[in-house]
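K.L.:
Let me give you the structure first, and then I'll get to my questions.
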Amino acid sequence: PDGSTHWRRLQFWKRKKHFRHLWELLLRLLREQKRLSLERLGIDGSLLQSFAFKDKTGYSGKHHRTGVKMSLIVEATGVPIAMVVAKGNIVDITLAEATVDNIRLAKRAIQGSDFLGDKGYDSLKFRIHVSEFGMPNIPKRKTTKVREQHLWYYIYDVIKGKQRFVVERTNAWIKSFRRLRMRFDYKASSFEAFLYLAIIVICVRKLLP
């Protein structure tokens, strides 16, 4: 078909959540084949550079660029299990709880997991939210004051914390797709469809022997 038909189908599949259903199916297959390592999860946000479109773009003061913010959770080998997309001017902690709630696996599957994050996720509210599923392993800012009754939420294992590089590596995998390195799509739905496709490709690669 011609190019316009391709775009209509891409947006149709995104609107009908076909990409999400396929992603969930691949995660189930990976779990059945014991190729998912869920004892450790990593969360991180990344800015995908974009032109200043009206739909889901914003200026990031941290990166001094206009773009789209992608919040991602991956398991220990780097397979994405949750994703949230928002404007580039939104900080990581604002999207943190929504990202945890959007994990594409049953919540019982991640019970007892370690949640690894950087200092940008140093929030008592988020630590309490994460503790419903696992153990938050997030370093504390120097300015953070901890009350005695909240000490449990601030336990930090340095050795486990070093494994947080896995989520940053997955961000690099996604940005390695030329279509996602710079957003050229006017509609956010089209751009998000390509993000889902990138995640599906990563999952399929993990399934291959």
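Residue numbering restarts at 1 in every chain; chains get A, B, ... in the order shown in the structure tokens, and ligands count up from 1 in that same order.
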Could you give me, as a tab-separated table, every stretch 4-72 of chain A residue with an atom at most 12 Å from stretch 163-175 of chain A, plus its closest atom pair and distance in Å to one decimal, counting only C-alpha atoms, rows ordered by chain then number?
P.N.:
residue	atom	partner	partner_atom	distance
A:Glu39	CA	A:Gln163	CA	11.9
A:Arg40	CA	A:Gln163	CA	8.7
A:Leu41	CA	A:Arg164	CA	8.3
A:Gly42	CA	A:Val167	CA	5.6
A:Ile43	CA	A:Val167	CA	6.5
A:Asp44	CA	A:Val167	CA	6.5
A:Gly45	CA	A:Asn171	CA	8.5
A:Ser46	CA	A:Asn171	CA	6.9
A:Leu47	CA	A:Asn171	CA	9.5
A:Leu48	CA	A:Lys175	CA	7.8
A:Gln49	CA	A:Lys175	CA	10.0
A:Lys69	CA	A:Asn171	CA	11.5
A:Met70	CA	A:Asn171	CA	9.0
A:Ser71	CA	A:Asn171	CA	9.5
A:Leu72	CA	A:Val167	CA	7.6
K.L.:
So which residues of stretch 15-135 of chain A fall under strand (DSSP E) by DSSP, listed as a PDB file with C-alpha atoms, in the first residue's frame?
P.N.:
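Below you can see out_18.pdb, which holds the result:
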ATOM      1  CA  ARG A  40      16.120  -6.949  40.190  1.00  0.00           C
ATOM      2  CA  LEU A  41      14.345  -4.109  38.362  1.00  0.00           C
ATOM      3  CA  GLY A  42      15.750  -0.787  37.211  1.00  0.00           C
ATOM      4  CA  ILE A  43      13.896   2.459  36.577  1.00  0.00           C
ATOM      5  CA  ASP A  44      15.148   5.498  34.708  1.00  0.00           C
ATOM      6  CA  GLY A  45      13.949   8.371  32.554  1.00  0.00           C
ATOM      7  CA  SER A  46      15.443   9.420  29.243  1.00  0.00           C
ATOM      8  CA  LEU A  47      14.919  12.391  26.941  1.00  0.00           C
ATOM      9  CA  LEU A  48      14.264  11.677  23.274  1.00  0.00           C
ATOM     10  CA  GLN A  49      15.081  14.811  21.326  1.00  0.00           C
ATOM     11  CA  SER A  50      12.304  16.301  19.232  1.00  0.00           C
ATOM     12  CA  GLY A  58       8.658  20.160  26.262  1.00  0.00           C
ATOM     13  CA  TYR A  59      11.938  21.908  26.982  1.00  0.00           C
ATOM     14  CA  SER A  60      14.200  20.052  29.418  1.00  0.00           C
ATOM     15  CA  ARG A  65      16.875  20.421  24.644  1.00  0.00           C
ATOM     16  CA  THR A  66      13.282  20.050  23.536  1.00  0.00           C
ATOM     17  CA  GLY A  67      12.058  16.492  23.533  1.00  0.00           C
ATOM     18  CA  VAL A  68       9.859  13.702  24.820  1.00  0.00           C
ATOM     19  CA  LYS A  69      10.435  12.073  28.212  1.00  0.00           C
ATOM     20  CA  MET A  70      10.383   8.285  28.319  1.00  0.00           C
ATOM     21  CA  SER A  71      10.218   6.583  31.715  1.00  0.00           C
ATOM     22  CA  LEU A  72      11.267   2.935  31.570  1.00  0.00           C
ATOM     23  CA  ILE A  73      11.451  -0.089  33.881  1.00  0.00           C
ATOM     24  CA  VAL A  74      13.565  -3.077  32.861  1.00  0.00           C
ATOM     25  CA  PRO A  80      11.580  -3.464  29.180  1.00  0.00           C
ATOM     26  CA  ILE A  81       8.542  -4.342  31.285  1.00  0.00           C
ATOM     27  CA  ALA A  82       6.995  -0.861  31.661  1.00  0.00           C
ATOM     28  CA  MET A  83       7.008   2.417  29.757  1.00  0.00           C
ATOM     29  CA  VAL A  84       5.393   5.835  30.156  1.00  0.00           C
ATOM     30  CA  VAL A  85       5.779   8.737  27.720  1.00  0.00           C
ATOM     31  CA  ALA A  86       5.279  12.418  28.623  1.00  0.00           C
ATOM     32  CA  LYS A  87       6.486  15.916  27.802  1.00  0.00           C
ATOM     33  CA  SER A 113      12.144  -7.584  43.611  1.00  0.00           C
ATOM     34  CA  ASP A 114      14.771  -4.920  44.217  1.00  0.00           C
ATOM     35  CA  PHE A 115      13.888  -1.597  42.587  1.00  0.00           C
ATOM     36  CA  LEU A 116      17.041   0.234  41.521  1.00  0.00           C
ATOM     37  CA  GLY A 134       9.558  -5.033  46.444  1.00  0.00           C
ATOM     38  CA  MET A 135      12.485  -3.365  48.133  1.00  0.00           C
TER      39      MET A 135
END
K.L.:
Contacts of stretch 147-157 of chain A at 8 Å or less, counting only C-alpha atoms, minus same-chain residues fewer than 6 places along, as a PyMOL selection string?
P.N.:
chain A and resi 124+127-128+131+135-140
K.L.:
Here is a test: counting only C-alpha atoms, which residue of A:Val100, A:Met182, A:Val158, A:Val79 is nearest to A:Leu30?
P.N.:
A:Val79
K.L.:
Would you please give, as JSON, numbers by chain, all residues of stretch 33-208 of chain A that DSSP assigns to helix (DSSP H, G or I) based on the backbone?
P.N.:
{"A": [92, 93, 94, 95, 96, 97, 98, 99, 100, 101, 107, 108, 109, 110, 119, 120, 121, 124, 125, 126, 127, 128, 129, 130, 148, 149, 150, 151, 152, 153, 154, 158, 159, 160, 161, 162, 163, 164, 165, 166, 167, 168, 169, 170, 171, 172, 173, 174, 175, 178, 179, 180, 181, 188, 189, 190, 191, 192, 193, 194, 195, 196, 197, 198, 199, 200, 201, 202, 203, 204, 205, 206, 207]}
K.L.:
Which distance in Å separates atom CA of A:Val204 and atom CA of A:Pro1, to one decimal?
P.N.:
25.8 Å
K.L.:
Smallest atom-to-atom distance to A:Leu36: which of A:Lys206, A:Lys119, A:Lys54, A:Arg179, using only C-alpha atoms?
P.N.:
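Among the listed residues, the smallest separation from A:Leu36 belongs to A:Lys206.
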K.L.:
May I ask which of the residues A:Ala52, A:Lys34, A:Val91, A:His18 is the closest one to A:Leu197, counting only C-alpha atoms?
P.N.:
A:His18
K.L.:
Tell me which protein, DNA and RNA residues are within 8 Å of A:Leu105, counting only C-alpha atoms, leaving out same-chain ones fewer than 3 positions away, and put them as number ranges by chain.
P.N.:
A: 24, 27-28, 81, 109-110
K.L.:
Since we have the selection now, will you write its residues out, keeping C-alpha atoms, as a PDB file, in the first residue's frame?
P.N.:
ATOM      1  CA  GLU A  24       2.558  -8.532  27.013  1.00  0.00           C
ATOM      2  CA  LEU A  27       6.816 -11.051  28.130  1.00  0.00           C
ATOM      3  CA  ARG A  28       4.674 -14.073  28.996  1.00  0.00           C
ATOM      4  CA  ILE A  81       8.542  -4.342  31.285  1.00  0.00           C
ATOM      5  CA  ALA A 109       5.544 -11.806  39.481  1.00  0.00           C
ATOM      6  CA  ILE A 110       7.618  -8.909  40.836  1.00  0.00           C
TER       7      ILE A 110
END
